[in-house]
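The next block is data.txt, given as compact mmCIF, C-alpha atoms.
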```txt
# COMPACT_ATOMS: atom_id res chain seq x y z
CA MET A 26 -157.79 38.07 92.38
CA ALA A 27 -157.31 39.26 88.84
CA SER A 28 -156.93 36.61 86.16
CA THR A 29 -154.00 36.67 83.77
CA TYR A 30 -155.59 34.67 80.97
CA THR A 31 -159.12 35.81 80.17
CA PRO A 32 -160.99 33.38 77.89
CA ILE A 33 -162.37 35.27 74.90
CA ALA A 34 -163.78 32.39 72.86
CA THR A 35 -163.58 28.61 72.57
CA THR A 36 -164.84 26.40 69.76
CA THR A 37 -164.78 22.67 69.17
CA LEU A 38 -165.51 21.82 65.56
CA GLY A 39 -168.62 19.70 65.05
CA SER A 40 -167.72 18.96 61.45
CA ALA A 41 -164.68 19.20 59.20
CA GLN A 42 -164.10 22.58 57.64
CA SER A 43 -161.39 24.36 55.70
CA SER A 44 -160.85 27.22 58.13
CA TYR A 45 -161.85 28.72 61.43
CA THR A 46 -162.10 32.45 62.16
CA PHE A 47 -162.10 34.48 65.34
CA SER A 48 -163.71 37.79 64.47
CA SER A 49 -164.53 41.07 66.21
CA ILE A 50 -161.62 40.63 68.62
CA SER A 51 -161.65 43.31 71.27
CA GLY A 52 -158.62 45.57 71.45
CA SER A 53 -158.80 45.82 75.22
CA TYR A 54 -156.02 43.33 76.02
CA THR A 55 -152.26 43.60 75.80
CA ASP A 56 -151.65 40.18 74.19
CA LEU A 57 -153.65 37.40 72.63
CA ILE A 58 -152.93 33.69 73.11
CA LEU A 59 -154.33 31.20 70.59
CA VAL A 60 -154.37 27.53 71.58
CA PHE A 61 -155.10 24.99 68.86
CA ASN A 62 -155.45 21.35 69.86
CA GLY A 63 -156.64 19.31 66.93
CA THR A 64 -156.12 17.44 63.72
CA CYS A 65 -156.24 17.93 59.99
CA ALA A 66 -157.48 15.42 57.46
CA THR A 67 -154.29 13.85 56.14
CA GLY A 68 -150.60 13.60 56.90
CA THR A 69 -148.64 16.42 58.47
CA THR A 70 -148.88 19.97 57.25
CA SER A 71 -148.53 23.52 58.48
CA MET A 72 -151.03 25.50 60.49
CA ASN A 73 -151.39 28.93 58.91
CA ILE A 74 -152.89 32.15 60.16
CA THR A 75 -154.07 35.20 58.29
CA VAL A 76 -155.19 38.28 60.20
CA ASN A 77 -157.76 40.93 59.33
CA SER A 78 -158.58 38.96 56.13
CA ASP A 79 -155.23 40.07 54.67
CA THR A 80 -154.20 37.49 52.08
CA GLY A 81 -151.50 39.65 50.50
CA SER A 82 -147.83 38.70 50.60
CA ASN A 83 -147.37 40.50 53.90
CA TYR A 84 -146.17 37.69 56.13
CA SER A 85 -142.86 36.05 56.96
CA MET A 86 -141.72 33.33 59.34
CA THR A 87 -138.58 31.83 60.89
CA ARG A 88 -138.79 28.41 62.52
CA LEU A 89 -136.61 26.17 64.67
CA TYR A 90 -137.61 22.53 64.34
CA GLY A 91 -136.70 19.18 65.88
CA SER A 92 -137.73 15.85 64.40
CA GLY A 93 -136.52 13.59 67.18
CA SER A 94 -133.25 12.87 65.39
CA ALA A 95 -132.08 16.24 64.06
CA ALA A 96 -132.63 19.98 64.37
CA PHE A 97 -133.40 22.32 61.49
CA SER A 98 -134.19 25.94 60.85
CA GLU A 99 -136.17 27.34 57.96
CA ARG A 100 -137.86 30.57 56.93
CA GLN A 101 -140.21 32.11 54.41
CA SER A 102 -140.60 35.68 53.17
CA ASN A 103 -143.40 37.50 51.36
CA VAL A 104 -145.96 34.77 51.85
CA ALA A 105 -149.72 35.09 51.96
CA SER A 106 -150.18 33.68 55.46
CA MET A 107 -148.19 33.26 58.64
CA ILE A 108 -147.01 29.64 58.69
CA ILE A 109 -146.86 29.53 62.43
CA GLY A 110 -147.86 26.01 63.43
CA ILE A 111 -147.93 22.29 62.68
CA SER A 112 -150.94 20.10 62.09
CA SER A 113 -151.28 16.38 61.65
CA ASN A 114 -153.91 13.71 61.20
CA SER A 115 -152.98 12.34 64.63
CA GLN A 116 -152.85 15.32 66.98
CA SER A 117 -151.05 18.61 67.26
CA ILE A 118 -150.87 21.41 69.77
CA ASN A 119 -149.98 24.96 68.84
CA ILE A 120 -149.79 27.88 71.25
CA VAL A 121 -149.42 31.24 69.56
CA GLN A 122 -148.81 34.57 71.30
CA PHE A 123 -149.65 37.87 69.61
CA GLN A 124 -147.86 40.60 71.55
CA ASN A 125 -149.20 44.15 71.59
CA TYR A 126 -151.68 43.07 68.92
CA SER A 127 -153.80 46.21 69.04
CA ASN A 128 -151.07 48.81 68.76
CA THR A 129 -151.03 50.84 65.56
CA THR A 130 -147.34 51.77 65.59
CA THR A 131 -145.37 48.57 65.05
CA TYR A 132 -145.56 45.61 62.72
CA LYS A 133 -146.88 42.56 64.55
CA THR A 134 -144.48 39.91 65.82
CA VAL A 135 -145.93 36.54 66.84
CA LEU A 136 -144.29 33.72 68.83
CA SER A 137 -145.45 30.12 68.71
CA ARG A 138 -144.67 26.73 70.20
CA GLN A 139 -145.76 23.68 68.26
CA ASN A 140 -145.70 19.94 68.56
CA VAL A 141 -146.99 16.76 66.99
CA PRO A 142 -146.52 14.03 69.58
CA SER A 143 -147.65 11.00 67.59
CA ASP A 144 -145.67 7.76 67.43
CA SER A 145 -145.11 7.99 63.71
CA SER A 146 -144.55 11.69 63.09
CA ILE A 147 -142.81 13.42 65.94
CA ALA A 148 -142.12 17.12 65.62
CA VAL A 149 -141.47 19.92 68.03
CA ALA A 150 -140.90 23.46 66.88
CA ALA A 151 -140.95 27.12 67.73
CA ALA A 152 -141.48 29.94 65.29
CA VAL A 153 -141.62 33.67 64.98
CA GLY A 154 -143.98 35.29 62.51
CA LEU A 155 -144.22 38.83 61.24
CA TRP A 156 -147.25 40.57 59.77
CA ARG A 157 -146.10 43.70 58.02
CA SER A 158 -148.92 45.96 59.05
CA THR A 159 -149.42 48.54 61.76
CA ALA A 160 -153.16 47.84 61.90
CA ALA A 161 -154.65 46.47 65.10
CA ILE A 162 -155.53 42.79 64.82
CA SER A 163 -159.28 42.33 65.01
CA SER A 164 -159.71 38.91 63.39
CA MET A 165 -157.68 35.82 62.62
CA THR A 166 -158.31 32.83 60.39
CA ILE A 167 -156.68 29.45 60.94
CA THR A 168 -156.17 26.94 58.13
CA THR A 169 -154.22 23.73 57.55
CA PRO A 170 -153.83 23.76 53.76
CA PRO A 171 -154.50 21.77 51.70
CA TYR A 172 -156.42 19.73 54.24
CA ASN A 173 -159.56 20.38 56.26
CA LEU A 174 -159.56 20.92 59.97
CA GLN A 175 -161.14 17.86 61.50
CA THR A 176 -164.11 17.33 63.80
CA GLY A 177 -163.12 17.69 67.45
CA SER A 178 -160.40 20.25 66.83
CA THR A 179 -160.46 22.86 69.56
CA PHE A 180 -159.59 26.55 69.24
CA THR A 181 -159.34 28.81 72.26
CA LEU A 182 -158.45 32.48 72.28
CA TYR A 183 -157.31 34.15 75.49
CA GLY A 184 -156.63 37.79 76.22
CA ILE A 185 -153.92 38.95 78.61
CA ALA A 186 -154.46 42.35 80.14
CA ALA A 187 -151.68 44.58 81.36
CA ALA A 188 -151.27 45.12 85.10
CA VAL B 16 -141.79 38.29 81.93
CA ARG B 17 -143.06 39.15 78.52
CA ALA B 18 -141.32 41.78 76.41
CA LEU B 19 -141.63 43.31 72.98
CA GLY B 20 -138.38 45.06 72.28
CA VAL B 21 -137.41 47.74 69.87
CA PHE B 22 -133.74 48.62 70.05
CA SER B 23 -131.59 51.57 69.15
CA GLY B 24 -128.44 51.11 67.13
CA THR B 25 -126.73 47.77 66.78
CA VAL B 26 -128.65 45.34 68.92
CA GLY B 27 -125.99 42.83 69.95
CA ALA B 28 -126.60 40.72 73.00
CA GLY B 29 -129.01 41.71 75.74
CA PHE B 30 -128.52 40.69 79.34
CA VAL B 31 -130.62 40.01 82.41
CA TYR B 32 -129.58 39.90 86.03
CA PHE B 33 -131.28 39.55 89.37
CA ASN B 34 -131.03 41.45 92.65
CA PHE B 35 -128.36 43.69 91.05
CA ASP B 36 -125.91 40.76 90.94
CA ASN B 37 -123.97 41.48 87.74
CA ALA B 38 -120.31 41.14 88.70
CA SER B 39 -119.84 37.81 90.44
CA SER B 40 -119.79 35.22 87.62
CA ASN B 41 -122.92 33.57 88.99
CA TYR B 42 -124.72 32.87 85.73
CA SER B 43 -124.62 30.10 83.13
CA ILE B 44 -126.48 30.03 79.82
CA HIS B 45 -127.56 27.32 77.38
CA THR B 46 -129.08 28.11 74.01
CA LEU B 47 -130.76 26.42 71.06
CA HIS B 48 -131.15 28.69 68.07
CA GLY B 49 -132.09 28.92 64.40
CA ASP B 50 -131.61 31.62 61.77
CA GLY B 51 -133.82 30.22 59.06
CA ALA B 52 -131.04 28.16 57.50
CA THR B 53 -129.23 26.33 60.26
CA ALA B 54 -129.88 25.28 63.83
CA GLY B 55 -127.26 25.37 66.54
CA ALA B 56 -126.62 25.26 70.26
CA SER B 57 -124.16 26.89 72.61
CA ALA B 58 -123.34 27.34 76.28
CA ALA B 59 -121.47 29.76 78.49
CA ILE B 60 -120.60 29.38 82.17
CA ASN B 61 -119.51 31.70 84.96
CA GLN B 62 -121.00 34.77 83.33
CA ASN B 63 -121.65 38.03 85.13
CA GLU B 64 -125.15 38.22 83.67
CA GLY B 65 -127.72 35.98 82.07
CA LYS B 66 -128.91 36.46 78.51
CA PHE B 67 -132.29 37.57 77.24
CA THR B 68 -131.71 38.39 73.58
CA ALA B 69 -129.14 38.42 70.81
CA ILE B 70 -129.07 40.10 67.44
CA GLY B 71 -132.56 41.39 67.00
CA GLY B 72 -135.08 43.66 65.42
CA THR B 73 -133.89 47.23 65.38
CA THR B 74 -137.00 49.09 64.36
CA SER B 75 -140.73 49.10 64.83
CA THR B 76 -140.97 47.01 61.67
CA ALA B 77 -139.24 44.04 63.27
CA PRO B 78 -139.63 44.07 67.02
CA THR B 79 -138.08 41.28 69.08
CA ALA B 80 -140.62 39.31 71.10
CA MET B 81 -139.62 37.48 74.27
CA VAL B 82 -141.34 35.39 76.92
CA MET B 83 -139.37 34.32 80.01
CA ASP B 84 -140.49 32.05 82.84
CA ILE B 85 -138.68 32.38 86.16
CA LEU B 86 -139.49 29.33 88.21
CA ASP B 87 -139.75 29.24 92.00
CA TYR B 88 -138.41 32.78 92.11
CA ALA B 89 -138.92 33.19 95.85
CA ASP B 90 -137.59 29.79 96.97
CA THR B 91 -134.57 30.24 99.26
CA ASN B 92 -133.48 26.60 98.95
CA LYS B 93 -132.77 26.51 95.20
CA TYR B 94 -130.60 28.16 92.62
CA LYS B 95 -132.84 29.98 90.14
CA THR B 96 -133.52 28.70 86.63
CA THR B 97 -135.16 30.67 83.86
CA ARG B 98 -136.30 29.52 80.47
CA HIS B 99 -137.23 31.81 77.66
CA ILE B 100 -137.81 32.19 73.96
CA PHE B 101 -136.99 35.27 71.96
CA ALA B 102 -137.28 35.85 68.25
CA TRP B 103 -137.68 38.38 65.49
CA ASP B 104 -138.36 38.35 61.78
CA ASN B 105 -138.02 41.25 59.35
CA ASN B 106 -139.19 39.47 56.20
CA SER B 107 -135.65 39.36 54.79
CA SER B 108 -134.20 37.38 57.67
CA GLY B 109 -135.15 36.06 61.07
CA TYR B 110 -133.83 34.54 64.24
CA ILE B 111 -135.29 32.42 67.03
CA GLU B 112 -133.68 31.14 70.21
CA PHE B 113 -134.58 29.04 73.26
CA ASP B 114 -132.44 29.79 76.30
CA SER B 115 -132.06 28.78 79.88
CA ASN B 116 -130.23 30.84 82.47
CA LEU B 117 -129.02 29.59 85.82
CA TRP B 118 -128.40 32.10 88.58
CA ARG B 119 -126.36 30.42 91.29
CA SER B 120 -128.03 32.01 94.26
CA THR B 121 -130.60 30.82 96.77
CA SER B 122 -131.82 34.35 97.40
CA ALA B 123 -135.39 35.17 96.56
CA ILE B 124 -135.56 37.30 93.44
CA THR B 125 -136.73 40.79 94.28
CA SER B 126 -135.53 42.67 91.20
CA ILE B 127 -134.95 41.90 87.53
CA THR B 128 -132.85 44.11 85.28
CA PHE B 129 -132.74 43.90 81.48
CA ARG B 130 -129.72 45.53 79.88
CA PRO B 131 -129.51 45.90 76.09
CA ALA B 132 -126.18 46.26 74.35
CA ASN B 133 -127.13 49.82 73.38
CA SER B 134 -130.51 51.09 74.45
CA PHE B 135 -134.19 50.33 74.24
CA ALA B 136 -136.15 52.55 71.89
CA THR B 137 -139.58 54.08 72.15
CA ASN B 138 -142.42 51.55 72.15
CA THR B 139 -140.40 48.82 73.85
CA GLN B 140 -142.80 47.14 76.22
CA PHE B 141 -142.29 44.94 79.31
CA ALA B 142 -144.87 43.16 81.43
CA LEU B 143 -144.31 41.05 84.56
CA TYR B 144 -146.90 38.52 85.68
CA GLY B 145 -147.05 36.30 88.74
CA ILE B 146 -148.38 32.74 88.73
CA LYS B 147 -149.65 31.35 92.02
CA GLY B 148 -149.68 27.75 93.11
CA ALA B 149 -153.00 26.07 93.72
```
Whole structure, structure tokens version:
Amino acid sequence: MASTYTPIATTTLGSAQSSYTFSSISGSYTDLILVFNGTCATGTTSMNITVNSDTGSNYSMTRLYGSGSAAFSERQSNVASMIIGISSNSQSINIVQFQNYSNTTTYKTVLSRQNVPSDSSIAVAAAVGLWRSTAAISSMTITTPPYNLQTGSTFTLYGIAAA
Amino acid sequence: VRALGVFSGTVGAGFVYFNFDNASSNYSIHTLHGDGATAGASAAINQNEGKFTAIGGTTSTAPTAMVMDILDYADTNKYKTTRHIFAWDNNSSGYIEFDSNLWRSTSAITSITFRPANSFATNTQFALYGIKGA
């Protein structure tokens, strides 16, 4: 039986570091799914992604966010990374889907689901990100600025192949 | 279902229906949405079709992405519930929405139709996956 999610790479950080990069991503899938389950050093901050080492102002984001007591929506334009997740010093889970990531015709739209389920800092959110490039995505770098990613944080990248 | 939509003309709402049932007021819809400034929620009952998108990306520079789960699609003892997220961003503005659709039928789903307000454009992409129980 064919598998839907094909694991491409998984890493659990053995030490704190400022970023993590998946590189040399094959273009043989239809979609990519990134799963981040981890922590950053302090407080609650965003989880950001840049692709293909592009740190120009080529990203934008729209987010829908619930704090446990209210709902919000926010967005950013012309930013230097896709602010597509949440990170916290307790725990956060972010699942990010890159659709048609290897096509060279359209800009890249990304969907994510995010949550921080701690007792003190509850957040649940969903976001859409745009990378204004028609280039195929071959690498992605995850950061949680200004804090380091912490030991034990896990990154998994899956590929989904078309039928 | 996973879709990456590029639309022609004014996007407007997009609809989904099952087994060609699109005239019997058998659908209800609940939404939670955000446009980058405000969040809101809405509902509609006794609709002829479910919903799969709203205002959206109109060109290849702002495609609308959607992922829909259709649970227990073949169960003949339950009405069918879907949940999905769709969203787009064009750098100047953006929109994101969580929806659920209820189709009040116990029939197994054997067909799914997506109907945009106008038409899908070149490079629109759909994929349908099945998930098996253990």
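Compared by their closest atoms to chain B, and using all atoms listed in the file, the residues A:Phe61, A:Tyr54, A:Phe97, A:Tyr45 rank with A:Phe97 nearest.
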Among the residues B:Ala149, B:Ala142, B:Ala28, B:Ala58, the one that comes closest to Thr55 of chain A [using all atoms listed in the file]: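 Checking each candidate against Thr55 of chain A, we get B:Ala142 as the closest.
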Kindly provide the residues of chain B that approach chain A to within 7 Å, each paired with its closest atom pair and their distance in Å to one decimal, based on all atoms listed in the file, listed by chain and increasing number, as a tab-separated table.
```
residue	atom	partner	partner_atom	distance
B:Leu19	CA	A:Gln124	CA	6.9
B:His48	CA	A:Leu89	CA	6.9
B:Gly49	CA	A:Ser98	CA	5.1
B:Asp50	CA	A:Ser98	CA	6.3
B:Gly51	CA	A:Glu99	CA	3.9
B:Ala52	CA	A:Ser98	CA	5.1
B:Thr53	CA	A:Ser98	CA	5.0
B:Ala54	CA	A:Phe97	CA	5.2
B:Ser75	CA	A:Thr131	CA	4.7
B:Thr76	CA	A:Tyr132	CA	4.9
B:Ala77	CA	A:Tyr132	CA	6.5
B:Pro78	CA	A:Thr134	CA	6.5
B:Ala80	CA	A:Thr134	CA	6.6
B:Ala102	CA	A:Val153	CA	5.9
B:Trp103	CA	A:Val153	CA	6.2
B:Asp104	CA	A:Leu155	CA	5.9
B:Asn105	CA	A:Leu155	CA	6.9
B:Asn106	CA	A:Ser102	CA	5.1
B:Ser107	CA	A:Ser102	CA	6.4
B:Gly109	CA	A:Thr87	CA	5.4
B:Tyr110	CA	A:Thr87	CA	6.4
B:Ile111	CA	A:Val153	CA	6.8
B:Ala142	CA	A:Ala187	CA	7.0
```
Spatial neighbours of segment 166-175 of chain A, max dist 9 Å, all atoms listed in the file, sep filter under 3 positions, as a PyMOL selection string: chain A and resi 38-48+63-68+70-78+110-114+178
d(atom CA of Ser49 of chain A, atom CA of Val16 of chain B) in Å: 27.8 Å
All residues 12 Å or closer to Phe35 of chain B, only C-alpha atoms, same chain fewer than 5 positions away omitted, as a list of chain:residue names: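 Listing them by chain and then by number gives B:Asn41, B:Asn63, B:Glu64, B:Gly65, B:Trp118, B:Ser122, B:Ile124, B:Thr125, B:Ser126, B:Ile127, B:Thr128, B:Phe129, B:Arg130.
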Selected residues, C-alpha atoms, written as an mmCIF file, in the frame of the given file, please.
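Result went into result12.cif, see below:
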```cif
data_model
loop_
_atom_site.group_PDB
_atom_site.id
_atom_site.type_symbol
_atom_site.label_atom_id
_atom_site.label_comp_id
_atom_site.auth_asym_id
_atom_site.auth_seq_id
_atom_site.Cartn_x
_atom_site.Cartn_y
_atom_site.Cartn_z
ATOM 1 C CA ASN B 41 -122.920 33.570 88.990
ATOM 2 C CA ASN B 63 -121.650 38.030 85.130
ATOM 3 C CA GLU B 64 -125.150 38.220 83.670
ATOM 4 C CA GLY B 65 -127.720 35.980 82.070
ATOM 5 C CA TRP B 118 -128.400 32.100 88.580
ATOM 6 C CA SER B 122 -131.820 34.350 97.400
ATOM 7 C CA ILE B 124 -135.560 37.300 93.440
ATOM 8 C CA THR B 125 -136.730 40.790 94.280
ATOM 9 C CA SER B 126 -135.530 42.670 91.200
ATOM 10 C CA ILE B 127 -134.950 41.900 87.530
ATOM 11 C CA THR B 128 -132.850 44.110 85.280
ATOM 12 C CA PHE B 129 -132.740 43.900 81.480
ATOM 13 C CA ARG B 130 -129.720 45.530 79.880
#
```
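Taking atom CA of Ile162 of chain A as the reference point, atom CA of Ser82 of chain A is found at 16.7 Å.
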Selection near segment 88-97 of chain B, 12 Å with only C-alpha atoms, sequence-local residues under 2 positions removed, as number ranges by chain: B: 16, 31-34, 41-46, 65-67, 82-86, 99-100, 113-127, 145-147
Those same residues, written as an mmCIF file, in the frame of the given file with C-alpha atoms?
```cif
data_model
loop_
_atom_site.group_PDB
_atom_site.id
_atom_site.type_symbol
_atom_site.label_atom_id
_atom_site.label_comp_id
_atom_site.auth_asym_id
_atom_site.auth_seq_id
_atom_site.Cartn_x
_atom_site.Cartn_y
_atom_site.Cartn_z
ATOM 1 C CA VAL B 16 -141.790 38.290 81.930
ATOM 2 C CA VAL B 31 -130.620 40.010 82.410
ATOM 3 C CA TYR B 32 -129.580 39.900 86.030
ATOM 4 C CA PHE B 33 -131.280 39.550 89.370
ATOM 5 C CA ASN B 34 -131.030 41.450 92.650
ATOM 6 C CA ASN B 41 -122.920 33.570 88.990
ATOM 7 C CA TYR B 42 -124.720 32.870 85.730
ATOM 8 C CA SER B 43 -124.620 30.100 83.130
ATOM 9 C CA ILE B 44 -126.480 30.030 79.820
ATOM 10 C CA HIS B 45 -127.560 27.320 77.380
ATOM 11 C CA THR B 46 -129.080 28.110 74.010
ATOM 12 C CA GLY B 65 -127.720 35.980 82.070
ATOM 13 C CA LYS B 66 -128.910 36.460 78.510
ATOM 14 C CA PHE B 67 -132.290 37.570 77.240
ATOM 15 C CA VAL B 82 -141.340 35.390 76.920
ATOM 16 C CA MET B 83 -139.370 34.320 80.010
ATOM 17 C CA ASP B 84 -140.490 32.050 82.840
ATOM 18 C CA ILE B 85 -138.680 32.380 86.160
ATOM 19 C CA LEU B 86 -139.490 29.330 88.210
ATOM 20 C CA HIS B 99 -137.230 31.810 77.660
ATOM 21 C CA ILE B 100 -137.810 32.190 73.960
ATOM 22 C CA PHE B 113 -134.580 29.040 73.260
ATOM 23 C CA ASP B 114 -132.440 29.790 76.300
ATOM 24 C CA SER B 115 -132.060 28.780 79.880
ATOM 25 C CA ASN B 116 -130.230 30.840 82.470
ATOM 26 C CA LEU B 117 -129.020 29.590 85.820
ATOM 27 C CA TRP B 118 -128.400 32.100 88.580
ATOM 28 C CA ARG B 119 -126.360 30.420 91.290
ATOM 29 C CA SER B 120 -128.030 32.010 94.260
ATOM 30 C CA THR B 121 -130.600 30.820 96.770
ATOM 31 C CA SER B 122 -131.820 34.350 97.400
ATOM 32 C CA ALA B 123 -135.390 35.170 96.560
ATOM 33 C CA ILE B 124 -135.560 37.300 93.440
ATOM 34 C CA THR B 125 -136.730 40.790 94.280
ATOM 35 C CA SER B 126 -135.530 42.670 91.200
ATOM 36 C CA ILE B 127 -134.950 41.900 87.530
ATOM 37 C CA GLY B 145 -147.050 36.300 88.740
ATOM 38 C CA ILE B 146 -148.380 32.740 88.730
ATOM 39 C CA LYS B 147 -149.650 31.350 92.020
#
```
Contacts of Ile58 of chain A at 7 Å (all atoms listed in the file; same-chain gap of 5+ positions) as a list in words: Ile120, Val121, Gln122, Phe123, Leu182, Tyr183 and Gly184 of chain A
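The closest residue to Asn61 of chain B, picked from B:Leu47, B:Ser40, B:Thr139, B:Thr79 and counting only C-alpha atoms, is B:Ser40.
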Å distance separating atom CA of Ile50 of chain A from atom CA of Ile33 of chain A, one decimal place: 8.3 Å
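In this comparison, which uses all atoms listed in the file, the residue of A:Thr179, A:Asn119, A:Thr69, A:Thr129 approaching Ala160 of chain A most closely is A:Thr129.
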Shell around Ser92 of chain A at 10 Å using only C-alpha atoms, local window under 3 positions removed, as a PyMOL selection string: chain A and resi 95-97+140-141+146-150
Starting from the sparse input, extend segment 167-182 of chain A to N, CA and C atoms and give the output as a PDB file, in the frame of the given file.
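Saved as selection_7.pdb:
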```
ATOM      1  N   ILE A 167    -157.618  30.564  60.834  1.00  0.00           N
ATOM      2  CA  ILE A 167    -156.680  29.450  60.940  1.00  0.00           C
ATOM      3  C   ILE A 167    -157.027  28.421  59.869  1.00  0.00           C
ATOM      4  N   THR A 168    -156.001  27.972  59.151  1.00  0.00           N
ATOM      5  CA  THR A 168    -156.170  26.940  58.130  1.00  0.00           C
ATOM      6  C   THR A 168    -155.044  25.924  58.243  1.00  0.00           C
ATOM      7  N   THR A 169    -155.255  24.754  57.635  1.00  0.00           N
ATOM      8  CA  THR A 169    -154.220  23.730  57.550  1.00  0.00           C
ATOM      9  C   THR A 169    -154.162  23.226  56.098  1.00  0.00           C
ATOM     10  N   PRO A 170    -153.776  24.109  55.170  1.00  0.00           N
ATOM     11  CA  PRO A 170    -153.830  23.760  53.760  1.00  0.00           C
ATOM     12  C   PRO A 170    -152.879  22.620  53.398  1.00  0.00           C
ATOM     13  N   PRO A 171    -153.269  21.759  52.488  1.00  0.00           N
ATOM     14  CA  PRO A 171    -154.500  21.770  51.700  1.00  0.00           C
ATOM     15  C   PRO A 171    -155.624  20.967  52.344  1.00  0.00           C
ATOM     16  N   TYR A 172    -155.485  20.640  53.606  1.00  0.00           N
ATOM     17  CA  TYR A 172    -156.420  19.730  54.240  1.00  0.00           C
ATOM     18  C   TYR A 172    -157.438  20.477  55.102  1.00  0.00           C
ATOM     19  N   ASN A 173    -158.555  19.829  55.356  1.00  0.00           N
ATOM     20  CA  ASN A 173    -159.560  20.380  56.260  1.00  0.00           C
ATOM     21  C   ASN A 173    -159.148  20.203  57.710  1.00  0.00           C
ATOM     22  N   LEU A 174    -159.587  21.121  58.532  1.00  0.00           N
ATOM     23  CA  LEU A 174    -159.560  20.920  59.970  1.00  0.00           C
ATOM     24  C   LEU A 174    -160.618  19.882  60.321  1.00  0.00           C
ATOM     25  N   GLN A 175    -160.268  18.988  61.248  1.00  0.00           N
ATOM     26  CA  GLN A 175    -161.140  17.860  61.500  1.00  0.00           C
ATOM     27  C   GLN A 175    -162.074  18.080  62.688  1.00  0.00           C
ATOM     28  N   THR A 176    -163.156  17.330  62.687  1.00  0.00           N
ATOM     29  CA  THR A 176    -164.110  17.330  63.800  1.00  0.00           C
ATOM     30  C   THR A 176    -163.375  17.084  65.124  1.00  0.00           C
ATOM     31  N   GLY A 177    -163.739  17.840  66.124  1.00  0.00           N
ATOM     32  CA  GLY A 177    -163.120  17.690  67.450  1.00  0.00           C
ATOM     33  C   GLY A 177    -161.958  18.630  67.684  1.00  0.00           C
ATOM     34  N   SER A 178    -161.485  19.277  66.633  1.00  0.00           N
ATOM     35  CA  SER A 178    -160.400  20.250  66.830  1.00  0.00           C
ATOM     36  C   SER A 178    -160.902  21.408  67.691  1.00  0.00           C
ATOM     37  N   THR A 179    -160.071  21.811  68.612  1.00  0.00           N
ATOM     38  CA  THR A 179    -160.460  22.860  69.560  1.00  0.00           C
ATOM     39  C   THR A 179    -159.608  24.108  69.374  1.00  0.00           C
ATOM     40  N   PHE A 180    -160.257  25.253  69.346  1.00  0.00           N
ATOM     41  CA  PHE A 180    -159.590  26.550  69.240  1.00  0.00           C
ATOM     42  C   PHE A 180    -160.009  27.389  70.444  1.00  0.00           C
ATOM     43  N   THR A 181    -159.032  27.918  71.135  1.00  0.00           N
ATOM     44  CA  THR A 181    -159.340  28.810  72.260  1.00  0.00           C
ATOM     45  C   THR A 181    -158.507  30.066  72.118  1.00  0.00           C
ATOM     46  N   LEU A 182    -159.138  31.195  72.319  1.00  0.00           N
ATOM     47  CA  LEU A 182    -158.450  32.480  72.280  1.00  0.00           C
ATOM     48  C   LEU A 182    -158.549  33.136  73.647  1.00  0.00           C
TER      49      LEU A 182
END
```
